[in-house]
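start-v8.cif follows; it contains mmCIF, C-alpha atoms and all ligand atoms.
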data_data
loop_
_atom_site.label_atom_id
_atom_site.label_comp_id
_atom_site.auth_asym_id
_atom_site.auth_seq_id
_atom_site.Cartn_x
_atom_site.Cartn_y
_atom_site.Cartn_z
CA MET A 1 13.77 23.85 20.57
CA SER A 2 10.65 23.72 18.43
CA THR A 3 7.27 24.20 20.07
CA SER A 4 5.54 22.20 17.36
CA VAL A 5 2.69 20.02 18.56
CA LEU A 6 4.34 17.39 16.42
CA THR A 7 7.67 17.53 18.17
CA ASP A 8 6.75 18.51 21.71
CA SER A 9 6.89 15.40 23.88
CA THR A 10 4.68 17.05 26.50
CA THR A 11 1.67 17.06 24.15
CA THR A 12 -1.21 15.61 26.12
CA LEU A 13 -3.22 12.98 24.34
CA ARG A 14 -6.82 12.28 25.16
CA ASP A 15 -7.60 8.92 26.78
CA GLY A 16 -7.94 6.16 24.20
CA ALA A 17 -6.60 8.38 21.41
CA PHE A 18 -4.83 5.36 19.91
CA GLY A 19 -7.17 2.55 20.91
CA ASN A 20 -5.32 -0.59 22.02
CA ALA A 21 -1.93 0.77 20.91
CA THR A 22 0.33 1.17 23.95
CA GLU A 23 3.77 2.28 22.78
CA LEU A 24 6.20 2.90 19.97
CA VAL A 25 8.73 0.11 19.40
CA CYS A 26 12.03 0.43 17.53
CA ARG A 27 12.18 -1.97 14.61
CA GLU A 28 15.96 -2.22 15.01
CA CYS A 29 16.78 -2.40 18.75
CA ARG A 30 13.23 -3.00 20.12
CA ALA A 31 13.58 -0.09 22.58
CA THR A 32 10.17 1.35 23.44
CA GLN A 33 8.89 4.86 24.01
CA PRO A 34 5.47 6.36 24.75
CA LEU A 35 3.03 6.98 21.92
CA GLY A 36 3.63 10.37 20.39
CA PRO A 37 4.41 12.12 17.12
CA PHE A 38 7.73 10.36 16.75
CA TYR A 39 9.15 8.20 13.99
CA ALA A 40 12.78 7.57 14.96
CA CYS A 41 14.15 5.63 17.95
CA GLN A 42 15.73 7.77 20.66
CA GLU A 43 18.40 5.09 21.19
CA CYS A 44 19.51 4.19 17.67
CA PHE A 45 17.48 6.37 15.24
CA GLY A 46 15.87 3.21 13.84
CA PRO A 47 12.29 3.44 12.53
CA LEU A 48 9.47 3.06 15.04
CA GLU A 49 6.35 0.95 14.80
CA ILE A 50 3.24 0.63 16.93
CA GLY A 51 3.04 -1.87 19.82
CA TYR A 52 -0.30 -3.04 21.24
CA ASP A 53 -1.93 -4.76 24.13
CA PHE A 54 -4.81 -6.44 22.35
CA PRO A 55 -7.91 -7.57 24.21
CA GLN A 56 -9.73 -10.76 23.17
CA VAL A 57 -11.08 -9.96 19.70
CA SER A 58 -13.58 -12.33 18.13
CA ARG A 59 -14.51 -12.94 14.51
CA ALA A 60 -18.10 -12.05 15.44
CA ASP A 61 -17.01 -8.61 16.79
CA ILE A 62 -15.27 -7.88 13.52
CA GLU A 63 -18.05 -9.23 11.31
CA ALA A 64 -20.56 -7.00 13.13
CA GLY A 65 -18.54 -3.90 12.21
CA PRO A 66 -18.90 -1.57 9.22
CA ALA A 67 -17.98 -2.71 5.69
CA ASN A 68 -14.73 -0.75 5.72
CA ILE A 69 -11.40 -0.83 7.57
CA TRP A 70 -13.02 0.31 10.83
CA ARG A 71 -14.34 -3.22 11.34
CA TYR A 72 -10.73 -3.89 12.48
CA GLN A 73 -10.67 -0.78 14.70
CA GLN A 74 -9.55 -2.79 17.75
CA LEU A 75 -6.41 -3.85 15.88
CA LEU A 76 -5.49 -0.32 14.75
CA PRO A 77 -4.04 2.77 16.50
CA VAL A 78 -7.31 4.71 16.39
CA PRO A 79 -9.88 5.76 19.01
CA ALA A 80 -13.11 3.87 19.64
CA ASP A 81 -15.10 6.79 18.18
CA ILE A 82 -13.17 6.77 14.89
CA THR A 83 -16.29 6.19 12.79
CA SER A 84 -17.84 9.42 14.02
CA SER A 85 -15.19 11.74 12.55
CA PRO A 86 -15.36 12.47 8.80
CA ASN A 87 -12.99 10.24 6.86
CA MET A 88 -12.94 8.37 3.55
CA GLU A 89 -14.08 5.02 5.02
CA PRO A 90 -11.78 2.96 2.79
CA GLY A 91 -11.39 -0.78 2.61
CA PHE A 92 -13.34 -3.98 2.38
CA THR A 93 -12.53 -4.05 -1.32
CA ARG A 94 -13.36 -7.14 -3.29
CA LEU A 95 -11.31 -10.31 -3.37
CA ILE A 96 -12.09 -11.94 -6.68
CA ARG A 97 -11.49 -15.50 -7.73
CA ALA A 98 -9.30 -15.26 -10.84
CA ASP A 99 -9.89 -18.58 -12.61
CA ASN A 100 -9.20 -17.24 -16.10
CA LEU A 101 -5.88 -15.72 -15.12
CA ALA A 102 -5.03 -18.85 -13.15
CA ARG A 103 -5.69 -21.03 -16.19
CA GLU A 104 -3.54 -18.81 -18.37
CA LEU A 105 -0.67 -18.98 -15.87
CA GLY A 106 -1.10 -22.69 -15.17
CA MET A 107 -2.10 -22.09 -11.56
CA ARG A 108 -4.62 -23.99 -9.48
CA ARG A 109 -6.22 -21.35 -7.26
CA LEU A 110 -5.67 -17.61 -7.64
CA TRP A 111 -7.35 -14.51 -6.21
CA VAL A 112 -7.01 -10.82 -6.99
CA LYS A 113 -7.31 -8.41 -4.05
CA ASP A 114 -8.60 -5.42 -5.99
CA ASP A 115 -7.81 -2.27 -4.05
CA SER A 116 -8.63 -0.01 -6.98
CA GLY A 117 -12.12 0.02 -5.46
CA ASN A 118 -11.08 2.40 -2.67
CA PRO A 119 -12.47 5.97 -2.58
CA THR A 120 -9.51 7.49 -4.45
CA HIS A 121 -8.79 4.25 -6.28
CA SER A 122 -5.69 2.94 -4.56
CA PHE A 123 -4.68 1.23 -1.32
CA LYS A 124 -3.34 4.57 -0.08
CA ASP A 125 -6.76 5.49 1.31
CA ARG A 126 -6.13 2.86 4.01
CA VAL A 127 -2.87 4.32 5.29
CA VAL A 128 -4.06 7.91 4.96
CA ALA A 129 -7.14 7.19 7.11
CA MET A 130 -4.78 6.07 9.87
CA ALA A 131 -2.53 9.13 9.47
CA LEU A 132 -5.55 11.43 9.53
CA SER A 133 -6.69 10.00 12.84
CA ALA A 134 -3.18 10.46 14.31
CA ALA A 135 -2.92 14.01 12.93
CA ARG A 136 -6.22 14.88 14.61
CA GLU A 137 -5.14 13.40 17.93
CA PHE A 138 -1.85 15.32 17.79
CA GLY A 139 -3.67 18.55 16.98
CA SER A 140 -1.86 19.02 13.66
CA THR A 141 -2.94 21.92 11.50
CA VAL A 142 -1.54 20.83 8.12
CA PHE A 143 -1.98 17.43 6.50
CA ALA A 144 0.85 16.83 4.05
CA CYS A 145 2.89 14.28 2.09
CA PRO A 146 5.54 13.70 -0.51
CA SER A 147 4.00 11.34 -3.07
CA THR A 148 4.55 9.25 -6.17
CA GLY A 149 0.91 9.97 -7.09
CA ASN A 150 -1.61 7.78 -5.33
CA LEU A 151 -0.79 9.12 -1.89
CA ALA A 152 -1.28 12.63 -3.26
CA ASN A 153 -4.85 11.71 -4.31
CA ALA A 154 -5.62 10.12 -0.95
CA VAL A 155 -4.21 12.94 1.20
CA ALA A 156 -5.90 15.70 -0.80
CA ALA A 157 -9.28 13.94 -0.66
CA ALA A 158 -9.10 12.94 3.02
CA GLY A 159 -8.00 16.46 4.01
CA ALA A 160 -10.90 17.96 2.05
CA ARG A 161 -13.36 15.66 3.75
CA ALA A 162 -11.88 16.32 7.19
CA GLY A 163 -11.79 20.07 6.64
CA MET A 164 -8.01 20.15 7.09
CA LYS A 165 -5.49 22.20 5.14
CA THR A 166 -3.44 19.96 2.83
CA VAL A 167 -0.06 20.46 1.17
CA VAL A 168 1.02 17.77 -1.27
CA PHE A 169 4.46 17.51 -2.91
CA ILE A 170 4.93 15.52 -6.13
CA PRO A 171 7.69 15.00 -8.71
CA HIS A 172 7.11 17.42 -11.62
CA ASP A 173 6.80 14.62 -14.21
CA LEU A 174 3.89 12.69 -12.70
CA GLU A 175 1.16 11.25 -14.92
CA ARG A 176 -1.40 13.97 -15.75
CA PRO A 177 -4.43 12.07 -14.37
CA LYS A 178 -2.74 11.84 -10.97
CA VAL A 179 -2.09 15.59 -10.98
CA VAL A 180 -5.70 16.39 -11.89
CA THR A 181 -7.17 13.89 -9.42
CA THR A 182 -5.16 15.55 -6.65
CA ALA A 183 -5.66 19.20 -7.55
CA VAL A 184 -9.42 18.80 -7.91
CA TYR A 185 -9.82 18.43 -4.14
CA GLY A 186 -8.37 21.90 -3.54
CA GLY A 187 -5.52 22.25 -1.09
CA THR A 188 -2.01 23.14 -2.17
CA LEU A 189 -0.26 20.96 -4.74
CA VAL A 190 3.47 21.57 -5.22
CA ALA A 191 5.35 20.06 -8.17
CA VAL A 192 9.05 19.71 -7.44
CA ASN A 193 11.81 19.65 -10.04
CA GLY A 194 13.27 16.32 -8.99
CA ASN A 195 12.39 12.66 -8.53
CA TYR A 196 10.46 11.17 -5.60
CA ASP A 197 13.56 10.76 -3.48
CA ASP A 198 14.29 14.50 -3.88
CA VAL A 199 10.67 15.29 -2.97
CA ASN A 200 10.89 13.03 0.09
CA ARG A 201 14.09 14.72 1.29
CA LEU A 202 12.43 18.12 0.94
CA ALA A 203 9.42 16.90 2.94
CA SER A 204 11.65 15.68 5.77
CA GLU A 205 13.35 19.07 5.87
CA ILE A 206 10.03 20.91 6.01
CA ALA A 207 8.75 18.52 8.70
CA GLY A 208 11.76 19.44 10.81
CA GLU A 209 11.24 23.18 10.39
CA GLU A 210 7.49 23.80 10.38
CA ASP A 211 5.20 23.57 13.39
CA GLY A 212 2.04 21.50 13.32
CA TRP A 213 2.58 19.72 10.02
CA ALA A 214 1.62 16.04 9.88
CA PHE A 215 3.49 14.52 6.95
CA VAL A 216 1.58 11.26 6.68
CA ASN A 217 4.52 9.13 5.54
CA VAL A 218 7.27 11.00 7.38
CA ASN A 219 6.57 12.14 10.93
CA VAL A 220 3.36 10.15 11.49
CA ARG A 221 4.65 7.18 9.49
CA PRO A 222 4.31 4.60 12.34
CA TYR A 223 0.56 5.28 12.50
CA TYR A 224 0.15 5.59 8.72
CA ALA A 225 1.89 2.29 8.02
CA GLU A 226 -0.52 0.31 10.21
CA GLY A 227 -3.27 0.93 7.63
CA SER A 228 -1.74 -1.67 5.32
CA LYS A 229 -2.39 -4.39 7.92
CA THR A 230 -6.05 -4.13 6.93
CA LEU A 231 -5.19 -5.72 3.58
CA ALA A 232 -4.01 -8.82 5.46
CA TYR A 233 -7.08 -8.85 7.71
CA GLU A 234 -9.46 -8.52 4.76
CA VAL A 235 -7.80 -11.20 2.67
CA ALA A 236 -7.94 -13.64 5.60
CA GLU A 237 -11.55 -12.78 6.46
CA GLN A 238 -12.67 -12.95 2.82
CA LEU A 239 -11.06 -16.39 2.47
CA GLY A 240 -13.24 -17.53 5.38
CA TRP A 241 -10.77 -16.71 8.17
CA ARG A 242 -7.62 -18.41 6.94
CA LEU A 243 -4.29 -17.37 5.50
CA PRO A 244 -3.42 -17.76 1.81
CA ARG A 245 -0.31 -19.85 1.11
CA GLN A 246 1.32 -17.23 -1.19
CA VAL A 247 0.84 -13.47 -1.66
CA VAL A 248 2.37 -11.17 -4.30
CA ILE A 249 2.64 -7.49 -3.33
CA PRO A 250 4.15 -4.45 -5.11
CA VAL A 251 7.08 -2.73 -3.42
CA ALA A 252 7.88 1.00 -3.48
CA SER A 253 8.98 2.02 0.02
CA GLY A 254 8.17 -1.56 1.07
CA SER A 255 5.88 -0.51 3.90
CA GLN A 256 2.79 -2.29 2.62
CA LEU A 257 4.51 -5.64 2.23
CA THR A 258 5.95 -5.61 5.73
CA LYS A 259 2.61 -4.64 7.28
CA VAL A 260 0.74 -7.43 5.51
CA ASP A 261 3.17 -9.78 7.24
CA LYS A 262 2.55 -8.03 10.57
CA GLY A 263 -1.21 -8.32 10.03
CA PHE A 264 -1.06 -12.07 9.31
CA GLY A 265 1.05 -12.55 12.45
CA GLU A 266 -1.46 -10.68 14.61
CA LEU A 267 -4.38 -12.74 13.29
CA VAL A 268 -2.54 -15.92 14.26
CA ARG A 269 -1.58 -14.60 17.72
CA LEU A 270 -5.16 -13.51 18.40
CA GLY A 271 -6.47 -16.94 17.37
CA LEU A 272 -8.56 -15.41 14.56
CA VAL A 273 -6.96 -17.76 12.01
CA ASP A 274 -5.13 -21.06 12.38
CA GLU A 275 -1.38 -20.85 12.18
CA ALA A 276 -0.27 -21.90 8.69
CA PRO A 277 2.83 -21.26 6.60
CA TYR A 278 2.64 -18.40 4.12
CA SER A 279 5.15 -16.94 1.66
CA ILE A 280 5.26 -13.25 0.74
CA PHE A 281 6.65 -12.17 -2.63
CA GLY A 282 7.63 -8.60 -3.57
CA ALA A 283 7.22 -7.08 -7.05
CA GLN A 284 9.27 -4.24 -8.52
CA ALA A 285 9.82 -2.64 -11.92
CA ALA A 286 13.26 -3.38 -13.39
CA GLY A 287 13.79 0.38 -13.80
CA CYS A 288 13.52 0.80 -10.04
CA SER A 289 14.43 -2.48 -8.40
CA PRO A 290 16.82 -1.82 -5.51
CA VAL A 291 15.13 -4.39 -3.25
CA SER A 292 14.93 -7.07 -5.92
CA ALA A 293 18.62 -6.52 -6.73
CA ALA A 294 19.57 -6.93 -3.06
CA PHE A 295 17.41 -10.05 -2.78
CA LYS A 296 19.05 -11.65 -5.80
CA ASP A 297 22.56 -10.73 -4.67
CA GLY A 298 21.93 -12.10 -1.18
CA ARG A 299 22.68 -8.66 0.28
CA ASP A 300 21.10 -7.17 3.43
CA VAL A 301 21.87 -3.66 2.28
CA VAL A 302 19.60 -1.99 -0.26
CA ARG A 303 21.64 0.24 -2.58
CA PRO A 304 19.70 3.33 -3.75
CA VAL A 305 19.04 3.68 -7.50
CA LYS A 306 17.83 6.42 -9.83
CA PRO A 307 14.38 5.30 -11.04
CA ASP A 308 13.56 5.03 -14.74
CA THR A 309 10.28 3.20 -15.28
CA ILE A 310 6.68 3.74 -16.39
CA ALA A 311 5.62 2.41 -12.96
CA LYS A 312 5.94 5.85 -11.41
CA SER A 313 3.87 4.97 -8.34
CA LEU A 314 6.58 2.45 -7.41
CA ALA A 315 9.50 4.70 -8.35
CA ILE A 316 11.21 5.04 -4.98
CA GLY A 317 14.94 4.61 -5.46
CA ASN A 318 15.80 4.66 -1.75
CA PRO A 319 13.07 2.61 -0.07
CA ALA A 320 12.74 3.16 3.69
CA ASP A 321 11.44 -0.36 4.35
CA GLY A 322 13.68 -2.14 1.85
CA PRO A 323 15.72 -4.10 4.43
CA TYR A 324 12.52 -5.22 6.18
CA VAL A 325 11.11 -6.44 2.85
CA LEU A 326 14.24 -8.57 2.50
CA ASP A 327 13.71 -9.93 6.04
CA VAL A 328 10.05 -10.82 5.44
CA THR A 329 10.46 -12.36 2.01
CA ARG A 330 13.48 -14.42 3.10
CA ARG A 331 11.90 -15.51 6.40
CA THR A 332 8.66 -16.63 4.74
CA GLY A 333 10.29 -18.43 1.82
CA GLY A 334 9.15 -15.82 -0.70
CA ALA A 335 11.25 -13.74 -3.09
CA VAL A 336 11.52 -10.29 -4.66
CA GLU A 337 11.44 -10.16 -8.45
CA ASP A 338 11.36 -7.40 -11.06
CA VAL A 339 9.91 -7.00 -14.55
CA THR A 340 10.59 -4.75 -17.54
CA ASP A 341 8.27 -1.93 -18.60
CA GLU A 342 7.18 -4.04 -21.56
CA GLU A 343 6.21 -6.82 -19.15
CA VAL A 344 4.35 -4.24 -17.02
CA ARG A 345 2.24 -3.21 -20.03
CA ALA A 346 1.60 -6.85 -20.85
CA GLY A 347 0.68 -7.50 -17.20
CA ILE A 348 -1.95 -4.75 -17.28
CA ALA A 349 -3.39 -6.15 -20.52
CA LEU A 350 -3.33 -9.74 -19.22
CA LEU A 351 -5.28 -8.90 -16.05
CA ALA A 352 -7.79 -6.80 -17.97
CA ARG A 353 -8.30 -9.44 -20.67
CA THR A 354 -8.65 -12.38 -18.29
CA GLU A 355 -10.49 -10.89 -15.30
CA GLY A 356 -12.01 -7.56 -16.32
CA VAL A 357 -9.81 -5.66 -13.88
CA PHE A 358 -8.00 -2.59 -15.19
CA ALA A 359 -4.89 -2.04 -13.07
CA GLU A 360 -2.53 0.88 -12.96
CA THR A 361 1.15 0.27 -13.65
CA ALA A 362 1.74 -0.98 -10.08
CA GLY A 363 -0.82 -3.73 -10.72
CA GLY A 364 0.87 -4.47 -14.04
CA VAL A 365 4.17 -4.88 -12.18
CA THR A 366 2.57 -7.27 -9.73
CA VAL A 367 0.74 -9.45 -12.26
CA ALA A 368 3.82 -9.59 -14.50
CA THR A 369 5.93 -10.54 -11.49
CA LEU A 370 3.47 -13.29 -10.57
CA LYS A 371 3.80 -14.65 -14.11
CA LYS A 372 7.59 -14.55 -13.94
CA LEU A 373 7.66 -16.19 -10.50
CA VAL A 374 5.53 -19.06 -11.82
CA GLU A 375 7.64 -19.42 -14.97
CA THR A 376 10.87 -19.52 -12.99
CA GLY A 377 9.45 -21.97 -10.47
CA ARG A 378 9.88 -19.70 -7.45
CA LEU A 379 6.15 -19.58 -6.74
CA ASP A 380 4.25 -22.85 -6.53
CA PRO A 381 1.37 -22.86 -9.05
CA GLU A 382 -0.36 -25.63 -7.10
CA GLU A 383 -0.73 -23.49 -3.95
CA GLU A 384 -3.42 -20.90 -3.29
CA THR A 385 -2.15 -17.44 -4.19
CA VAL A 386 -3.40 -13.86 -3.79
CA VAL A 387 -2.07 -11.14 -6.11
CA PHE A 388 -2.63 -7.50 -5.14
CA ASN A 389 -3.92 -4.85 -7.52
CA THR A 390 -3.29 -1.69 -5.53
CA GLY A 391 -4.41 1.01 -8.00
CA ASP A 392 -6.72 1.88 -10.88
CA GLY A 393 -5.75 1.79 -14.57
CA LEU A 394 -7.60 5.03 -15.30
CA LYS A 395 -4.77 6.85 -13.52
CA THR A 396 -2.08 5.55 -15.88
CA LEU A 397 -3.90 5.33 -19.22
CA ASP A 398 -0.80 6.21 -21.21
CA ALA A 399 0.87 2.94 -20.23
CA VAL A 400 -1.44 0.99 -22.52
CA ALA A 401 -3.03 3.72 -24.66
CA ASP A 402 -1.00 2.88 -27.76
CA ARG A 403 -1.54 -0.89 -27.44
CA VAL A 404 -5.32 -0.82 -27.52
CA GLY A 405 -8.07 0.90 -29.48
CA PRO A 406 -10.98 0.28 -31.85
CA ALA A 407 -10.73 -2.76 -34.13
CA ALA A 408 -11.93 -0.54 -36.97
CA THR A 409 -13.55 2.81 -37.68
CA ILE A 410 -16.58 2.34 -39.91
CA GLU A 411 -19.49 4.26 -41.42
CA PRO A 412 -22.78 3.88 -39.51
CA SER A 413 -24.29 1.23 -41.79
CA TYR A 414 -24.86 -2.52 -41.50
CA GLU A 415 -23.09 -2.99 -44.78
CA ALA A 416 -19.99 -1.21 -43.55
CA PHE A 417 -20.05 -3.34 -40.40
CA THR A 418 -20.30 -6.66 -42.21
CA SER A 419 -17.72 -5.76 -44.83
CA ALA A 420 -15.19 -4.81 -42.15
CA GLY A 421 -14.88 -8.53 -41.37
CA LEU A 422 -14.89 -8.05 -37.60
CA VAL A 423 -17.01 -11.01 -36.50
C1 LIG B 501 -0.54 1.79 -6.38
C2 LIG B 501 0.57 1.57 -5.43
N1 LIG B 501 0.86 0.32 -5.08
C3 LIG B 501 1.87 0.04 -4.23
C4 LIG B 501 2.65 1.03 -3.68
C5 LIG B 501 3.77 0.65 -2.76
O1 LIG B 501 3.62 1.02 -1.46
P1 LIG B 501 4.79 0.97 -0.41
O2 LIG B 501 5.48 2.30 -0.46
O3 LIG B 501 4.07 0.74 0.88
O4 LIG B 501 5.71 -0.14 -0.78
C6 LIG B 501 2.38 2.36 -4.00
C7 LIG B 501 3.18 3.43 -3.41
O5 LIG B 501 3.07 4.58 -3.71
C8 LIG B 501 1.31 2.64 -4.90
O6 LIG B 501 1.00 3.89 -5.25
ZN ZN B 502 16.38 1.64 18.31
#

Once more with this new file: its structure as structure tokens, please.
Ligand SMILES: Cc1ncc(COP(=O)(O)O)c(C=O)c1O
Ligand SMILES: [Zn+2]
Amino acid sequence: MSTSVLTDSTTTLRDGAFGNATELVCRECRATQPLGPFYACQECFGPLEIGYDFPQVSRADIEAGPANIWRYQQLLPVPADITSSPNMEPGFTRLIRADNLARELGMRRLWVKDDSGNPTHSFKDRVVAMALSAAREFGSTVFACPSTGNLANAVAAAGARAGMKTVVFIPHDLERPKVVTTAVYGGTLVAVNGNYDDVNRLASEIAGEEDGWAFVNVNVRPYYAEGSKTLAYEVAEQLGWRLPRQVVIPVASGSQLTKVDKGFGELVRLGLVDEAPYSIFGAQAAGCSPVSAAFKDGRDVVRPVKPDTIAKSLAIGNPADGPYVLDVTRRTGGAVEDVTDEEVRAGIALLARTEGVFAETAGGVTVATLKKLVETGRLDPEEETVVFNTGDGLKTLDAVADRVGPAATIEPSYEAFTSAGLV
């Protein structure tokens, strides 16, 4: 029997350690168990999520909060004093009206939720902030993750800021910028000869053997995952406290997409927005599209694949939340679609050219998927739509590096400029 603080059910938690969260709930059989460092149901081994007993929460309470995810602190599994412990303070990224892109796609009203503006330039800062709080409350000594890249950045940075030892595991063939922007924060970075699914399996094994390790997306995953709800809260608040009709979200493990749905549902239940229909669409790269394939085949089972795509941040061949993505997209009248690497590159260029937003490959996947969904008539161009850019293009420069460059190289003279025929 391990004595790990992360596996010992007798660990005592301080009062209010998880705010208004009250229990862990099985996503399969709905059995409940007390809050603790657990991620699998004791009854059926299904994945656990956080259950709450929310107080009355008003728009004014939220609006009076800080300009980061902690404005939604009452809706998250974190203590009331969360803002006083060092963390990355992610969130409240811009929601931009994308009229140029809308015009190009023949859409009426389109927004880009640009999460590249987070401290380490992806949405992962949101989920990692939640995992960090849980790791602190559980008394963990090591902050760790398997990662497709962006999570590595976020964990290494948050651990540095919190003064916690970090160990980050990545596939050996990750984009160089993502390696550098992880290693720079110190901590231990381990490159593994294998793909993400191999790295993830290794992490689960280590989590089972080592004491005191908080693997953000493995053994504290229920807490971690809640961070993605803040994307839903922000979009609704930034639209003036209402839900968008359609949302397009990239899918790797699928966690983010399912938590945006959970977040919208909570806002309605709390009376913070009016109930209104919404459709959630998932976006994958064709070279790693197990959820899209299941959606199209009408299957409930997601068959694992071996990823082969430039969208490395989305390259999870065996996605933990895949079946729940199918549930959400089918229930809300959305869809899951996939696009080729060439379409991903074109998607990055299209968003940059029309809106001045440089997305990483995941954003290219999402914009290209939006385009395809409009062209195939699955997404209604007349209805208000939000498309997510979840990461920064500077991290995946190679994806577009050979498509763009100077129009000409000239001598430094006016004559050379005019004779180049550029304008
Ligand atoms: C930039 C970016 N967007 C989206 C995702 C997908 O997240 P999820 O695993 O929650 O589906 C990832 C996952 O690594 C990512 O790095
Ligand atoms: Zn269960």

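Between CA of Asn20 (chain A) and CA of Gln56 (chain A) there is a distance of 11.1 Å.
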
Using only C-alpha atoms, which protein or nucleic acid residues come within 8 Å of Arg345 (chain A)? Drop anything in the same chain fewer than 6 positions from it, and give the result as a PyMOL selection string. chain A and resi 361+364+399-400

Using all atoms listed in the file, which residues have at least one atom no more than 7 Å from ligand ZN 502 (chain B)? Output them as a list of chain:residue names. A:Cys26, A:Arg27, A:Glu28, A:Cys29, A:Arg30, A:Ala31, A:Cys41, A:Gln42, A:Glu43, A:Cys44, A:Phe45, A:Gly46

Take the point (12.2, 1.7, -11.7) in the file's coordinates, draw a sphere of radius 9 Å around it, and report as a PDB file with C-alpha atoms, keeping the file's coordinate frame every protein, DNA or RNA residue with an atom inside or on it, counting only C-alpha atoms.
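So the final result, stored in out-v3.pdb, reads:
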ATOM      1  CA  GLN A 284       9.270  -4.240  -8.520  1.00  0.00           C
ATOM      2  CA  ALA A 285       9.820  -2.640 -11.920  1.00  0.00           C
ATOM      3  CA  ALA A 286      13.260  -3.380 -13.390  1.00  0.00           C
ATOM      4  CA  GLY A 287      13.790   0.380 -13.800  1.00  0.00           C
ATOM      5  CA  CYS A 288      13.520   0.800 -10.040  1.00  0.00           C
ATOM      6  CA  SER A 289      14.430  -2.480  -8.400  1.00  0.00           C
ATOM      7  CA  PRO A 290      16.820  -1.820  -5.510  1.00  0.00           C
ATOM      8  CA  VAL A 305      19.040   3.680  -7.500  1.00  0.00           C
ATOM      9  CA  LYS A 306      17.830   6.420  -9.830  1.00  0.00           C
ATOM     10  CA  PRO A 307      14.380   5.300 -11.040  1.00  0.00           C
ATOM     11  CA  ASP A 308      13.560   5.030 -14.740  1.00  0.00           C
ATOM     12  CA  THR A 309      10.280   3.200 -15.280  1.00  0.00           C
ATOM     13  CA  ILE A 310       6.680   3.740 -16.390  1.00  0.00           C
ATOM     14  CA  ALA A 311       5.620   2.410 -12.960  1.00  0.00           C
ATOM     15  CA  LYS A 312       5.940   5.850 -11.410  1.00  0.00           C
ATOM     16  CA  LEU A 314       6.580   2.450  -7.410  1.00  0.00           C
ATOM     17  CA  ALA A 315       9.500   4.700  -8.350  1.00  0.00           C
ATOM     18  CA  ILE A 316      11.210   5.040  -4.980  1.00  0.00           C
ATOM     19  CA  GLY A 317      14.940   4.610  -5.460  1.00  0.00           C
ATOM     20  CA  THR A 340      10.590  -4.750 -17.540  1.00  0.00           C
ATOM     21  CA  ASP A 341       8.270  -1.930 -18.600  1.00  0.00           C
TER      22      ASP A 341
END

Which chains and residue numbers are within 8 Å of ligand LIG 501 (chain B), counting all atoms listed in the file, if I want them as a ChimeraX atom specification? /A:122-124,147-151,225,228,249-257,313-316,319,321,360-363,389-392

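Distance-wise, CA of Asp115 (chain A) and CA of Ala154 (chain A) end up 13.0 Å apart.
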
Using Å and a single decimal, report how far CA of Asn318 (chain A) sits from CA of Asn193 (chain A).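 That distance, rounded to one decimal, is 17.6 Å.
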
Using only C-alpha atoms, determine which residues lie at most 12 Å from Gly271 (chain A), disregarding the query and same-chain residues fewer than 5 positions distant; provide the list as a list of chain:residue names. A:Phe54, A:Pro55, A:Gln56, A:Val57, A:Ser58, A:Arg59, A:Trp241, A:Arg242, A:Phe264, A:Gly265, A:Glu266, A:Ala276

Centre and edges of the region 294-303 of chain A box, axis-aligned, 6 Å extra per side, as JSON:
{"center_x": 20.0, "center_y": -5.9, "center_z": -1.2, "size_x": 17.3, "size_y": 24.3, "size_z": 21.2}
